[in-house]
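Have a look at upload.txt below; it lists compact mmCIF, C-alpha atoms.
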# COMPACT_ATOMS: atom_id res chain seq x y z
CA MET A 1 -14.65 -15.94 -4.32
CA SER A 2 -11.04 -16.81 -5.08
CA THR A 3 -8.67 -17.32 -2.17
CA ASP A 4 -5.53 -16.27 -4.07
CA ALA A 5 -6.12 -12.54 -3.47
CA GLN A 6 -3.81 -10.99 -0.92
CA ARG A 7 -4.40 -7.95 1.25
CA ASP A 8 -2.37 -4.87 0.31
CA PRO A 9 -0.95 -3.42 3.56
CA ASP A 10 -0.86 0.08 2.02
CA GLU A 11 -4.61 0.02 1.31
CA PRO A 12 -6.62 -1.46 4.15
CA GLY A 13 -9.60 -3.37 2.86
CA ALA A 14 -8.28 -3.54 -0.73
CA ALA A 15 -7.26 -6.96 -2.03
CA HIS A 16 -4.23 -7.27 -4.31
CA VAL A 17 -4.88 -9.57 -7.23
CA PRO A 18 -2.03 -10.33 -9.66
CA ALA A 19 -2.56 -9.14 -13.24
CA ASP A 20 -2.52 -12.67 -14.67
CA GLU A 21 -5.28 -13.67 -12.22
CA LEU A 22 -7.36 -10.62 -13.19
CA ALA A 23 -6.92 -11.49 -16.86
CA ARG A 24 -7.99 -15.08 -16.21
CA ARG A 25 -11.08 -13.94 -14.29
CA GLN A 26 -12.07 -11.49 -17.01
CA GLY A 27 -11.37 -13.90 -19.86
CA VAL A 28 -9.02 -11.54 -21.67
CA GLN A 29 -6.46 -12.86 -24.14
CA PRO A 30 -3.02 -11.49 -25.02
CA VAL A 31 -2.76 -9.15 -28.01
CA THR A 32 -1.26 -11.14 -30.88
CA SER A 33 -1.24 -8.38 -33.48
CA LEU A 34 -1.35 -4.59 -33.54
CA ASP A 35 -4.36 -4.99 -35.83
CA ASP A 36 -6.22 -6.25 -32.74
CA LEU A 37 -5.87 -2.74 -31.28
CA ALA A 38 -6.78 -0.79 -34.42
CA ARG A 39 -10.01 1.20 -34.30
CA PRO A 40 -10.20 3.11 -37.61
CA GLU A 41 -13.72 4.33 -36.82
CA LEU A 42 -12.64 5.99 -33.55
CA PHE A 43 -12.38 9.50 -35.09
CA GLU A 44 -14.88 10.53 -37.72
CA THR A 45 -12.60 13.12 -39.39
CA ASP A 46 -8.92 14.00 -39.61
CA GLU A 47 -9.75 17.31 -37.94
CA GLU A 48 -11.25 15.52 -34.94
CA LEU A 49 -8.07 13.42 -34.64
CA ASP A 50 -5.91 16.56 -34.94
CA ARG A 51 -7.86 18.28 -32.14
CA PHE A 52 -7.47 15.21 -29.93
CA LEU A 53 -3.72 15.02 -30.56
CA ALA A 54 -3.28 18.75 -29.90
CA ASP A 55 -5.18 18.44 -26.62
CA LEU A 56 -3.16 15.37 -25.63
CA HIS A 57 0.10 17.20 -26.38
CA THR A 58 -1.03 20.21 -24.33
CA SER A 59 -2.09 18.09 -21.36
CA ARG A 60 1.21 16.18 -21.35
CA HIS A 61 3.25 19.37 -21.33
CA GLU A 62 1.24 21.38 -18.77
CA GLY A 63 3.50 22.59 -15.98
CA ALA A 64 6.67 21.45 -17.74
CA ALA A 65 8.25 24.88 -17.99

Translate the structure described by the file into structure tokens.
Amino acid sequence: MSTDAQRDPDEPGAAHVPADELARRQGVQPVTSLDDLARPELFETDEELDRFLADLHTSRHEGAA
């Protein structure tokens, strides 16, 4: 176990680990291109995407009246 984790005083028992240390441990690399994030197969149809976007819009604006 790494010794560079620090205890978070706001959460007893939870260790704070800096993001760069987490990335190193998990072997993740920085995104170098937006193409790295593209997932064209995520939605099977335009209608499925439209329903997702409508639901996202609704959830973001709930209670904002």

**Request:** Grab the CA of Asp35 (chain A) to CA of Arg60 (chain A) distance for me, in Å with one decimal place.
**Result:** 26.2 Å

**Prompt:** For the atom pair CA of Leu37 (chain A) and CA of Ala23 (chain A), what is the interatomic distance in Å to one decimal place?
**Reply:** 16.9 Å

**Prompt:** What is the CA of Gly27 (chain A) to CA of Ala15 (chain A) distance in Å?
**Reply:** 19.6 Å
